[in-house]
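*Asks:* This is run02.cif (mmCIF, C-alpha atoms and all ligand atoms).
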```
data_query
#
loop_
_atom_site.label_atom_id
_atom_site.label_comp_id
_atom_site.auth_asym_id
_atom_site.auth_seq_id
_atom_site.Cartn_x
_atom_site.Cartn_y
_atom_site.Cartn_z
CA MET A 1 83.91 179.18 46.42
CA ASP A 2 85.20 176.14 44.59
CA PHE A 3 85.53 176.40 40.81
CA SER A 4 86.99 172.96 40.21
CA PRO A 5 84.77 170.87 37.92
CA SER A 6 82.36 168.60 39.82
CA PRO A 7 82.28 164.84 39.02
CA LYS A 8 79.15 165.59 36.92
CA VAL A 9 81.04 168.23 34.89
CA GLU A 10 84.02 165.89 34.48
CA ALA A 11 81.69 163.21 33.11
CA ILE A 12 80.12 165.73 30.71
CA ARG A 13 83.54 166.82 29.47
CA THR A 14 84.67 163.25 28.94
CA SER A 15 81.56 162.33 27.00
CA LEU A 16 81.80 165.49 24.87
CA ARG A 17 85.46 164.84 24.10
CA ASP A 18 84.57 161.29 23.01
CA PHE A 19 81.72 162.61 20.84
CA MET A 20 83.86 165.28 19.21
CA LYS A 21 86.71 162.84 18.56
CA LYS A 22 84.39 160.31 16.94
CA GLU A 23 81.94 162.58 15.10
CA VAL A 24 83.66 165.90 14.48
CA THR A 25 87.45 165.53 14.19
CA PRO A 26 87.20 163.30 11.08
CA ILE A 27 85.12 165.89 9.18
CA GLU A 28 86.80 169.12 10.30
CA ALA A 29 89.26 169.34 7.39
CA ASP A 30 86.41 168.83 4.90
CA LEU A 31 84.33 171.48 6.66
CA ARG A 32 87.11 174.02 6.30
CA ARG A 33 87.67 173.13 2.65
CA LYS A 34 84.03 172.96 1.52
CA GLY A 35 82.35 175.34 3.98
CA PHE A 36 79.49 174.61 6.41
CA VAL A 37 76.68 175.07 3.90
CA ALA A 38 77.90 172.33 1.56
CA MET A 39 78.07 169.99 4.55
CA MET A 40 74.59 170.69 5.98
CA PRO A 41 73.16 167.18 5.27
CA LEU A 42 76.08 165.59 7.12
CA LEU A 43 75.77 168.13 9.94
CA ALA A 44 72.07 167.21 10.24
CA GLU A 45 73.10 163.57 10.79
CA LYS A 46 75.61 164.65 13.42
CA ARG A 47 72.94 166.74 15.13
CA SER A 48 70.64 163.75 15.39
CA ARG A 49 73.46 161.82 17.03
CA ALA A 50 74.04 164.71 19.45
CA LYS A 51 70.30 164.66 20.21
CA GLU A 52 70.58 161.08 21.37
CA THR A 53 72.96 162.18 24.15
CA CYS A 54 71.63 163.80 27.33
CA LEU A 55 73.49 167.02 26.39
CA TRP A 56 71.19 168.29 23.62
CA ALA A 57 70.13 171.91 24.37
CA ALA A 58 71.73 171.28 27.74
CA PHE A 59 70.96 174.75 29.19
CA ILE A 60 67.20 174.02 28.92
CA PRO A 61 65.45 172.30 31.87
CA GLU A 62 64.90 168.57 31.49
CA ASN A 63 61.11 168.86 31.69
CA LEU A 64 61.22 170.94 28.47
CA GLY A 65 63.44 168.47 26.65
CA GLY A 66 66.90 169.90 27.43
CA GLY A 67 69.84 168.65 29.47
CA GLY A 68 68.99 170.60 32.64
CA LEU A 69 72.48 171.96 33.32
CA SER A 70 73.07 174.92 35.62
CA LEU A 71 74.75 178.05 34.22
CA THR A 72 78.13 177.00 35.63
CA GLU A 73 77.79 173.42 34.38
CA PHE A 74 76.82 174.67 30.93
CA ALA A 75 79.78 177.08 31.02
CA HIS A 76 82.14 174.09 31.20
CA MET A 77 80.24 172.41 28.37
CA SER A 78 80.47 175.58 26.28
CA GLU A 79 84.26 175.58 26.66
CA GLU A 80 84.44 172.00 25.42
CA LEU A 81 82.14 172.69 22.44
CA GLY A 82 84.07 175.86 21.61
CA LYS A 83 87.08 173.77 20.61
CA SER A 84 85.34 173.14 17.28
CA PRO A 85 83.65 175.78 15.09
CA ILE A 86 80.58 173.51 14.84
CA GLY A 87 80.38 172.29 18.45
CA HIS A 88 77.58 174.58 19.64
CA TYR A 89 75.52 174.09 16.49
CA LEU A 90 75.66 170.30 16.78
CA PHE A 91 74.27 170.40 20.33
CA ASN A 92 71.62 173.06 19.54
CA CYS A 93 73.16 175.74 21.69
CA GLN A 94 74.38 178.18 19.05
CA ALA A 95 73.81 181.93 19.27
CA PRO A 96 71.37 183.54 18.94
CA ASP A 97 69.00 180.59 19.48
CA VAL A 98 70.25 180.06 23.04
CA GLY A 99 69.35 183.63 24.04
CA ASN A 100 66.04 183.47 22.18
CA MET A 101 65.11 180.21 23.89
CA GLU A 102 65.99 181.69 27.28
CA LEU A 103 63.79 184.73 26.54
CA LEU A 104 60.85 182.63 25.39
CA MET A 105 61.20 180.37 28.41
CA GLU A 106 61.11 183.31 30.79
CA PHE A 107 58.70 185.69 29.06
CA GLY A 108 56.77 183.71 26.41
CA THR A 109 53.02 183.11 26.70
CA PRO A 110 51.89 179.44 26.67
CA GLU A 111 50.95 179.85 22.96
CA GLN A 112 54.33 181.43 22.11
CA LYS A 113 56.12 178.61 23.92
CA GLU A 114 54.16 176.00 21.98
CA ARG A 115 54.65 177.64 18.58
CA TYR A 116 58.20 179.02 18.88
CA LEU A 117 60.06 177.64 21.90
CA MET A 118 59.31 173.92 21.70
CA PRO A 119 60.30 173.50 18.01
CA LEU A 120 63.49 175.48 18.77
CA ILE A 121 64.37 173.16 21.64
CA ARG A 122 63.71 170.14 19.45
CA GLY A 123 66.01 171.67 16.82
CA GLU A 124 63.29 171.64 14.15
CA ILE A 125 63.59 175.37 13.50
CA ARG A 126 66.09 178.18 14.08
CA SER A 127 65.61 181.84 14.94
CA CYS A 128 67.40 185.17 14.82
CA PHE A 129 67.53 188.40 16.79
CA THR A 130 67.17 191.67 14.88
CA MET A 131 68.18 194.72 16.89
CA THR A 132 71.20 196.45 15.31
CA GLU A 133 70.59 198.93 12.48
CA PRO A 134 73.02 200.29 9.89
CA GLU A 135 71.85 203.89 10.39
CA PHE A 136 72.16 203.99 14.21
CA ALA A 137 75.06 203.23 16.56
CA GLY A 138 74.36 199.81 18.05
CA SER A 139 76.49 200.83 21.05
CA ASN A 140 73.66 203.13 22.07
CA PRO A 141 70.86 200.57 22.05
CA VAL A 142 68.12 202.99 23.11
CA TRP A 143 68.58 204.80 19.81
CA MET A 144 66.94 203.09 16.85
CA GLY A 145 64.78 203.81 13.83
CA THR A 146 62.59 200.70 13.64
CA THR A 147 59.03 201.33 14.79
CA ALA A 148 56.04 199.11 15.53
CA ASN A 149 52.62 200.72 15.65
CA LYS A 150 49.37 199.10 16.63
CA ASP A 151 46.71 198.92 13.96
CA GLY A 152 43.67 197.08 15.34
CA ALA A 153 44.82 193.61 16.37
CA GLU A 154 48.17 193.91 14.59
CA TRP A 155 51.62 195.42 15.02
CA VAL A 156 52.84 197.12 11.86
CA ILE A 157 56.64 197.06 11.80
CA ARG A 158 58.86 199.29 9.70
CA GLY A 159 62.64 199.39 9.83
CA HIS A 160 66.04 198.32 8.60
CA LYS A 161 68.35 195.93 10.47
CA TRP A 162 71.68 194.27 9.91
CA PHE A 163 74.01 191.77 11.53
CA SER A 164 71.10 189.43 12.20
CA THR A 165 73.06 186.28 12.92
CA GLY A 166 71.63 183.08 11.45
CA LEU A 167 68.72 184.87 9.76
CA GLU A 168 69.07 182.82 6.59
CA GLY A 169 66.95 179.71 7.18
CA SER A 170 65.37 181.03 10.38
CA ALA A 171 61.68 180.42 11.01
CA PHE A 172 61.23 183.63 12.98
CA ALA A 173 62.98 186.76 14.14
CA ILE A 174 62.73 188.59 17.42
CA CYS A 175 62.44 192.23 16.39
CA MET A 176 63.37 195.10 18.67
CA ALA A 177 61.25 198.12 17.72
CA VAL A 178 60.19 201.44 19.20
CA THR A 179 56.56 201.09 20.30
CA HIS A 180 56.37 203.95 22.83
CA PRO A 181 58.37 206.90 21.42
CA ASP A 182 57.32 209.24 24.23
CA ALA A 183 58.25 206.99 27.12
CA GLU A 184 61.50 207.41 29.07
CA LYS A 185 64.45 206.13 27.03
CA HIS A 186 64.55 202.61 28.49
CA GLY A 187 60.80 202.12 28.11
CA ARG A 188 60.46 203.02 24.43
CA ALA A 189 61.07 199.67 22.76
CA SER A 190 59.43 196.25 22.75
CA MET A 191 60.33 192.82 21.40
CA ILE A 192 58.01 191.27 18.84
CA LEU A 193 58.05 187.78 17.31
CA VAL A 194 57.99 187.92 13.51
CA PRO A 195 57.75 184.75 11.39
CA THR A 196 60.21 185.20 8.53
CA ASP A 197 57.53 184.39 5.94
CA THR A 198 55.52 187.46 7.05
CA PRO A 199 54.78 189.65 4.00
CA GLY A 200 56.90 192.79 4.27
CA PHE A 201 59.79 191.04 6.01
CA GLU A 202 62.75 190.58 3.70
CA ARG A 203 66.28 189.23 4.01
CA ILE A 204 68.24 191.60 1.79
CA CYS A 205 71.56 189.72 1.79
CA ASN A 206 74.09 187.95 3.92
CA LEU A 207 76.85 190.40 4.86
CA SER A 208 80.33 189.62 3.65
CA ILE A 209 82.41 189.19 6.81
CA MET A 210 86.15 189.31 6.17
CA GLY A 211 85.49 187.96 2.68
CA ASP A 212 83.00 185.27 3.75
CA ARG A 213 79.21 185.53 3.36
CA GLY A 214 78.73 182.16 5.07
CA GLY A 215 75.26 180.68 4.98
CA ASP A 216 72.42 179.31 7.09
CA TRP A 217 73.24 179.40 10.86
CA ALA A 218 76.78 180.62 10.10
CA SER A 219 75.86 183.94 8.49
CA HIS A 220 74.88 187.50 9.39
CA ALA A 221 72.16 189.17 7.34
CA GLU A 222 70.81 192.58 6.46
CA CYS A 223 67.01 192.68 6.44
CA SER A 224 64.07 195.03 6.30
CA TYR A 225 60.60 195.30 7.75
CA GLN A 226 58.34 197.10 5.29
CA ASP A 227 55.00 197.40 7.07
CA ALA A 228 55.29 193.80 8.20
CA ARG A 229 52.11 192.90 10.11
CA VAL A 230 51.92 190.42 12.96
CA PRO A 231 49.20 189.82 15.57
CA VAL A 232 49.44 191.92 18.75
CA THR A 233 49.76 188.61 20.61
CA ASN A 234 53.27 188.29 19.12
CA LEU A 235 54.56 190.79 21.68
CA LEU A 236 57.21 189.15 23.87
CA GLY A 237 56.99 190.19 27.52
CA GLY A 238 55.19 193.50 28.05
CA GLU A 239 54.96 196.68 26.00
CA GLY A 240 58.04 198.85 26.51
CA MET A 241 59.95 195.95 28.09
CA GLY A 242 62.41 195.52 25.20
CA PHE A 243 65.49 196.80 27.03
CA LEU A 244 64.68 194.91 30.19
CA LEU A 245 64.46 191.70 28.16
CA ALA A 246 67.67 192.55 26.29
CA GLN A 247 69.53 192.97 29.59
CA HIS A 248 68.11 189.72 30.86
CA ARG A 249 69.23 187.96 27.66
CA LEU A 250 72.77 189.24 27.77
CA GLY A 251 73.92 188.13 31.24
CA PRO A 252 74.00 184.35 30.77
CA GLY A 253 74.73 184.93 27.05
CA ARG A 254 78.08 186.51 27.86
CA ILE A 255 79.03 183.54 30.04
CA HIS A 256 78.24 181.21 27.11
CA HIS A 257 80.24 183.33 24.64
CA CYS A 258 83.23 183.80 26.96
CA MET A 259 83.49 180.09 27.70
CA ARG A 260 83.22 179.33 23.98
CA TRP A 261 86.10 181.75 23.42
CA ILE A 262 88.11 179.99 26.13
CA GLY A 263 87.48 176.71 24.28
CA ILE A 264 88.91 178.33 21.14
CA CYS A 265 91.91 179.56 23.16
CA GLU A 266 92.56 176.04 24.47
CA ARG A 267 92.47 174.58 20.96
CA ALA A 268 94.80 177.32 19.68
CA PHE A 269 97.11 176.78 22.65
CA ASP A 270 97.24 173.06 21.94
CA LEU A 271 98.12 173.67 18.27
CA MET A 272 100.74 176.25 19.29
CA CYS A 273 102.44 173.93 21.81
CA THR A 274 102.36 170.91 19.52
CA HIS A 275 104.00 172.92 16.76
CA ALA A 276 106.56 174.56 19.06
CA ALA A 277 107.58 171.18 20.45
CA THR A 278 107.88 169.38 17.11
CA ARG A 279 108.81 171.91 14.41
CA GLU A 280 112.58 172.05 14.05
CA ILE A 281 114.08 175.36 13.02
CA ALA A 282 117.45 173.66 12.60
CA PRO A 283 118.38 169.98 12.97
CA GLY A 284 117.65 168.93 16.55
CA LYS A 285 116.46 172.43 17.48
CA PRO A 286 112.70 172.67 18.07
CA LEU A 287 111.01 176.07 17.79
CA GLY A 288 110.01 175.75 21.46
CA THR A 289 113.64 176.27 22.51
CA LYS A 290 113.30 179.94 21.53
CA GLN A 291 112.60 182.20 24.46
CA ILE A 292 110.07 184.31 22.60
CA VAL A 293 107.94 181.26 21.79
CA GLN A 294 108.24 180.09 25.40
CA SER A 295 107.04 183.52 26.45
CA TRP A 296 103.99 183.30 24.14
CA ILE A 297 103.20 179.89 25.62
CA ALA A 298 103.59 180.88 29.27
CA GLU A 299 101.71 184.16 28.83
CA SER A 300 98.89 182.43 26.98
CA ARG A 301 98.62 179.78 29.71
CA ALA A 302 98.41 182.47 32.40
CA GLU A 303 95.86 184.56 30.47
CA ILE A 304 93.59 181.61 29.64
CA HIS A 305 93.69 180.40 33.23
CA ALA A 306 92.85 183.86 34.59
CA ALA A 307 90.09 184.34 32.01
CA ARG A 308 88.43 181.03 32.91
CA LEU A 309 88.45 181.82 36.62
CA MET A 310 86.95 185.25 35.94
CA VAL A 311 84.12 183.78 33.86
CA LEU A 312 83.35 181.02 36.37
CA HIS A 313 83.28 183.64 39.11
CA ALA A 314 80.83 185.78 37.10
CA ALA A 315 78.65 182.70 36.45
CA TRP A 316 78.70 181.91 40.16
CA LYS A 317 77.63 185.49 40.97
CA ILE A 318 74.76 185.34 38.45
CA GLU A 319 73.61 182.02 39.91
CA LYS A 320 73.74 183.49 43.41
CA GLY A 321 72.16 186.90 42.84
CA GLY A 322 70.91 187.15 39.24
CA THR A 323 72.25 189.16 36.30
CA SER A 324 71.85 192.52 38.02
CA ALA A 325 74.10 191.44 40.92
CA ALA A 326 76.90 190.62 38.48
CA ARG A 327 76.80 193.62 36.10
CA GLU A 328 80.40 194.63 36.74
CA GLU A 329 81.75 191.08 36.43
CA ILE A 330 79.80 190.53 33.20
CA SER A 331 81.37 193.63 31.63
CA LEU A 332 84.82 192.69 32.92
CA ILE A 333 84.75 189.23 31.36
CA LYS A 334 83.33 190.50 28.05
CA PHE A 335 86.32 192.67 27.18
CA THR A 336 88.99 190.67 29.04
CA VAL A 337 88.20 187.33 27.40
CA ALA A 338 87.65 188.84 23.94
CA ARG A 339 91.15 190.35 24.12
CA THR A 340 92.67 187.15 25.49
CA LEU A 341 91.09 185.29 22.59
CA GLN A 342 92.59 187.64 20.05
CA ARG A 343 96.07 187.57 21.61
CA VAL A 344 96.17 183.78 21.94
CA LEU A 345 94.98 183.24 18.36
CA ASP A 346 97.54 185.72 17.11
CA ARG A 347 100.39 184.04 18.99
CA ALA A 348 99.29 180.60 17.78
CA ILE A 349 99.24 181.78 14.16
CA GLN A 350 102.66 183.38 14.56
CA THR A 351 104.05 180.16 16.03
CA LEU A 352 102.72 178.11 13.12
CA GLY A 353 104.09 180.58 10.55
CA GLY A 354 102.68 180.12 7.04
CA LEU A 355 100.78 177.04 8.18
CA GLY A 356 98.82 179.25 10.57
CA MET A 357 97.51 181.30 7.66
CA THR A 358 96.21 178.27 5.76
CA ASP A 359 92.93 176.48 6.32
CA ASP A 360 94.78 173.33 7.36
CA THR A 361 93.99 174.34 10.96
CA PRO A 362 90.94 176.24 12.32
CA LEU A 363 93.15 179.17 13.42
CA ALA A 364 92.69 181.33 10.31
CA TYR A 365 88.90 180.80 10.32
CA TRP A 366 88.72 181.85 13.97
CA PHE A 367 91.09 184.77 13.51
CA ALA A 368 88.80 186.18 10.81
CA HIS A 369 85.45 185.38 12.39
CA GLU A 370 86.18 185.88 16.08
CA ARG A 371 87.66 189.35 15.62
CA ALA A 372 84.03 190.31 16.04
CA ALA A 373 84.19 189.19 19.69
CA ARG A 374 85.45 192.67 20.58
CA ILE A 375 82.44 194.23 18.85
CA TYR A 376 79.26 192.19 19.39
CA ASP A 377 77.40 191.86 22.69
CA GLY A 378 78.49 195.42 23.40
CA ALA A 379 81.75 196.78 21.96
CA ASP A 380 84.62 196.39 24.45
CA GLU A 381 84.86 200.15 24.89
CA VAL A 382 81.26 200.35 26.10
CA HIS A 383 81.95 197.75 28.79
CA ILE A 384 85.21 199.42 29.75
CA GLU A 385 83.46 202.76 30.13
CA SER A 386 80.65 201.24 32.16
CA VAL A 387 83.02 199.44 34.58
CA ALA A 388 85.17 202.54 35.03
CA ARG A 389 82.14 204.74 35.69
CA ARG A 390 80.81 202.35 38.32
CA ILE A 391 84.20 202.31 40.03
CA LEU A 392 84.60 206.09 39.89
CA ARG A 393 81.11 206.59 41.32
CA ARG A 394 82.28 204.63 44.33
CA TYR A 395 85.05 207.22 44.60
CA GLY A 396 82.48 210.00 44.60
CA MET A 397 82.60 210.99 40.92
CA LYS A 398 79.33 212.55 39.86
CA ASP A 399 78.17 212.20 36.25
CA ARG A 400 74.82 212.54 34.60
C1 LIG B 501 79.63 188.94 13.95
C2 LIG B 501 78.57 189.82 14.51
C3 LIG B 501 77.35 189.27 14.87
C4 LIG B 501 76.31 190.09 15.34
N1 LIG B 501 75.08 189.53 15.61
C5 LIG B 501 74.04 190.34 15.91
C6 LIG B 501 72.71 189.83 16.02
O1 LIG B 501 72.48 188.62 15.89
N2 LIG B 501 71.69 190.70 16.23
C7 LIG B 501 71.90 192.04 16.37
O2 LIG B 501 70.94 192.78 16.56
N3 LIG B 501 73.15 192.57 16.28
C8 LIG B 501 74.22 191.76 16.04
N4 LIG B 501 75.49 192.29 15.91
C9 LIG B 501 75.67 193.73 16.01
C10 LIG B 501 76.44 194.17 17.23
O3 LIG B 501 75.67 194.00 18.39
C11 LIG B 501 76.89 195.63 17.00
O4 LIG B 501 77.82 195.60 15.94
C12 LIG B 501 77.49 196.25 18.24
O5 LIG B 501 76.51 196.49 19.22
C13 LIG B 501 78.18 197.59 17.91
O6 LIG B 501 77.30 198.45 17.25
P1 LIG B 501 77.74 199.14 15.87
O7 LIG B 501 78.27 198.09 14.97
O8 LIG B 501 76.59 199.94 15.39
O9 LIG B 501 78.96 200.07 16.23
P2 LIG B 501 78.90 201.56 16.80
O10 LIG B 501 77.90 201.64 17.89
O11 LIG B 501 78.76 202.48 15.67
O12 LIG B 501 80.34 201.69 17.44
C14 LIG B 501 81.53 201.72 16.63
C15 LIG B 501 82.72 201.69 17.54
O13 LIG B 501 82.71 202.87 18.33
C16 LIG B 501 83.33 202.62 19.57
N5 LIG B 501 82.43 203.05 20.66
C17 LIG B 501 81.10 202.91 20.71
N6 LIG B 501 80.63 203.38 21.88
C18 LIG B 501 81.69 203.83 22.58
C19 LIG B 501 81.86 204.42 23.86
N7 LIG B 501 80.83 204.61 24.68
N8 LIG B 501 83.13 204.74 24.23
C20 LIG B 501 84.18 204.54 23.40
N9 LIG B 501 84.07 203.98 22.20
C21 LIG B 501 82.85 203.63 21.78
C22 LIG B 501 83.61 201.12 19.66
O14 LIG B 501 84.97 200.87 19.40
C23 LIG B 501 82.75 200.55 18.55
O15 LIG B 501 83.31 199.35 18.01
C24 LIG B 501 76.53 191.48 15.49
C25 LIG B 501 77.78 192.03 15.16
C26 LIG B 501 78.78 191.23 14.67
C27 LIG B 501 80.09 191.86 14.28
#
```
Could you show the structure in this file as structure tokens?
*Replies:*
Amino acid sequence: MDFSPSPKVEAIRTSLRDFMKKEVTPIEADLRRKGFVAMMPLLAEKRSRAKETCLWAAFIPENLGGGGLSLTEFAHMSEELGKSPIGHYLFNCQAPDVGNMELLMEFGTPEQKERYLMPLIRGEIRSCFTMTEPEFAGSNPVWMGTTANKDGAEWVIRGHKWFSTGLEGSAFAICMAVTHPDAEKHGRASMILVPTDTPGFERICNLSIMGDRGGDWASHAECSYQDARVPVTNLLGGEGMGFLLAQHRLGPGRIHHCMRWIGICERAFDLMCTHAATREIAPGKPLGTKQIVQSWIAESRAEIHAARLMVLHAAWKIEKGGTSAAREEISLIKFTVARTLQRVLDRAIQTLGGLGMTDDTPLAYWFAHERAARIYDGADEVHIESVARRILRRYGMKDR
């Protein structure tokens, strides 16, 4: 297998770098100072410029209005976009809309596609995914309190959710709810589309994350369903298929996230090396002459390189045999790249000293907000356990 970027991927990377240099670099300092929400009108302008390129919603097939990239091609794009905190949003491939679009594409009815998917692809609306609940451990996703019961031609949904990314400003939520309490544990829940203006659906607040409540697409909300009623036709996929859909959603999603994290690592690495090469700790003595800094640089280079190859390999396996054929690789990259991200960011901040703690670079923002990488999409420990159990089963270990 050859993981070197194809001429098509090289061209994509070049055009993205040009776009980011022209449209994003000049406004990054302002974004950090004022916050995303204050800059939304300008970001809307930038999004319309991104839409004019052939890379808008690039993971969506061309016949639906996207860029038609394969998983591996989009992985390279995701790395490039990850170098800026707003890259994915500008090109309409931010989480959780990407995963929601993929679900609707695969499992939506023609009416659901018309009403929810097409406006999402066009970037006219946004969406969120409400699964995690404050009262139940999200790491055990078959365990939840939200229920949806049929009453005539409607689902009546009752429950409490949190960490719904991008809920503020979303047109609809995908709600994971128990619809079949007596079924076997993986057949108990279903996914239901809920417009956010449905009576009974309420955004309680945006959660304060490391001191930042954010806003709009860059926020995570707590919300409640208090007998929220939607038509039975709002069911996504089949009844009791919630976990199957969730699994389906997470495979490619982890490739996207991991490559975004690698993009962050590359930007941090660049800042670290620039500073080490130019900051003098004594006249004529750059910081980079210190062995410990050299070690941070060399170790970071090795870890980023290894992480990228692991992710591209997992993407290749998914493309070849589907998500189920790459379960182990998907878990491996989730915790490996999240840890690499944290280590590289930490070393970069240490290299920059006090400057690294300021908002003059994106490092502090990422250090605060990307700590979550080790928690969302399955806490690292869950993936570690699952990989180890698979391996040990091959050695004959029996567990129930
Ligand atoms: C920034 C961010 C964005 C998010 N976005 C969304 C979203 O859009 N929609 C949504 O529904 N959810 C979202 N989540 C929620 C996320 O999926 C959950 O936080 C995650 O699944 C962990 O669940 P929990 O928080 O309930 O932790 P718990 O399940 O309570 O786990 C707590 C800790 O226990 C440990 N642990 C758990 N299981 C094991 C195990 N088997 N072995 C060893 N240790 C274990 C882990 O260290 C874990 O961090 C988001 C979370 C964050 C932080």
*Asks:* List as a PDB file with C-alpha atoms, in the frame of the given file the protein and nucleic acid residues near His186 in chain A, meaning an atom at most 9 Å away when all atoms listed in the file are counted, but skip any in the same chain fewer than 4 places from it.
*Replies:*
```
ATOM      1  CA  VAL A 142      68.120 202.990  23.110  1.00  0.00           C
ATOM      2  CA  GLY A 240      58.040 198.850  26.510  1.00  0.00           C
ATOM      3  CA  MET A 241      59.950 195.950  28.090  1.00  0.00           C
ATOM      4  CA  GLY A 242      62.410 195.520  25.200  1.00  0.00           C
ATOM      5  CA  PHE A 243      65.490 196.800  27.030  1.00  0.00           C
ATOM      6  CA  LEU A 244      64.680 194.910  30.190  1.00  0.00           C
TER       7      LEU A 244
END
```
*Asks:* Compile the contact shell of range 289-298 of chain A as a PyMOL selection string: residues with an atom at most 8 Å away, counting only C-alpha atoms, same-chain residues fewer than 4 positions apart removed.
*Replies:* chain A and resi 269+272-273+276+285+302+347+351
*Asks:* Pick from A:Asp399, A:Asp97, A:Asp346, A:Glu319: nearest to ligand LIG 501 (chain B), with all atoms listed in the file counted?
*Replies:*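 Comparing A:Asp399, A:Asp97, A:Asp346, A:Glu319 against ligand LIG 501 (chain B), the winner is A:Asp97.
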*Asks:* 9 Å from ligand LIG 501 (chain B) is the threshold here; counting only C-alpha atoms and all ligand atoms, which polymer residues fall inside it? Answer as a PyMOL selection string.
*Replies:* chain A and resi 95-96+128-141+161-167+175-176+209+219-221+369-386
*Asks:* Using all atoms listed in the file, I'd like a table of the residues in range 309-331 of chain A that come within 7 Å of range 68-92 of chain A; for each, show the closest atom pair and its distance in Å rounded to one decimal, ordered by chain and ascending number, as JSON lines.
*Replies:*
```
{"residue": "A:Leu312", "atom": "CA", "partner": "A:Thr72", "partner_atom": "CA", "distance": 6.6}
{"residue": "A:Ala315", "atom": "CA", "partner": "A:Thr72", "partner_atom": "CA", "distance": 5.8}
{"residue": "A:Trp316", "atom": "CA", "partner": "A:Thr72", "partner_atom": "CA", "distance": 6.7}
```
*Asks:* Pick out the closest residue to Tyr365 in chain A from this set: A:Gly214, A:Asp227, A:Cys93, A:Phe59. Count all atoms listed in the file.
*Replies:* A:Gly214
*Asks:* Can you sort out the box for range 130-147 of chain A, edges along x, y and z, all listed atoms in, 6 Å on every side, with centre and edge lengths in Å to one decimal, as JSON?
*Replies:*
```
{"center_x": 67.8, "center_y": 198.2, "center_z": 16.5, "size_x": 29.5, "size_y": 25.1, "size_z": 25.2}
```
*Asks:* For Ala218 in chain A, which residue out of A:Pro7, A:Lys46, A:Glu168, A:Glu299 is the nearest one, using all atoms listed in the file?
*Replies:* A:Glu168
*Asks:* For CA of Gly237 in chain A and CA of Asp216 in chain A, quote the distance in Å rounded to one decimal.
*Replies:* 27.8 Å
*Asks:* Counting all atoms listed in the file, figure out which residue out of A:Ser324, A:Thr358, A:Thr53, A:Thr147 gets nearest to Gln247 in chain A.
*Replies:*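 Closest to Gln247 in chain A, using all atoms listed in the file: A:Ser324.
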*Asks:* Pick the closest to Val311 in chain A from A:Arg213, A:Lys22, A:Arg122, A:Lys334: which is it, counting only C-alpha atoms?
*Replies:* A:Lys334
*Asks:* Measuring atom to atom with all atoms listed in the file, identify which of A:Leu363, A:Ile27, A:Ala50, A:Leu193 is nearest to Gly67 in chain A.
*Replies:* A:Ala50
*Asks:* Tell me, in Å to one decimal, how far CA of His248 in chain A is from CA of Met144 in chain A.
*Replies:*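 CA of Met144 in chain A lies 19.4 Å from CA of His248 in chain A.
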*Asks:* Go ahead and compute the interatomic distance for CA of Gln342 in chain A and CA of Ser300 in chain A, in Å to one decimal.
*Replies:*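 CA of Ser300 in chain A lies at a distance of 10.7 Å from CA of Gln342 in chain A.
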*Asks:* List the neighbours of Gly123 in chain A out to 9 Å using only C-alpha atoms; skip same-chain residues closer than 5 positions along the sequence, and give me the result as a ChimeraX atom specification.
*Replies:* /A:47,51,57,92,118
*Asks:* Within 9 Å of Phe201 in chain A, counting all atoms listed in the file, which residues qualify if same-chain residues fewer than 2 places away don't, as a PyMOL selection string?
*Replies:* chain A and resi 157+194-199+203+223-229
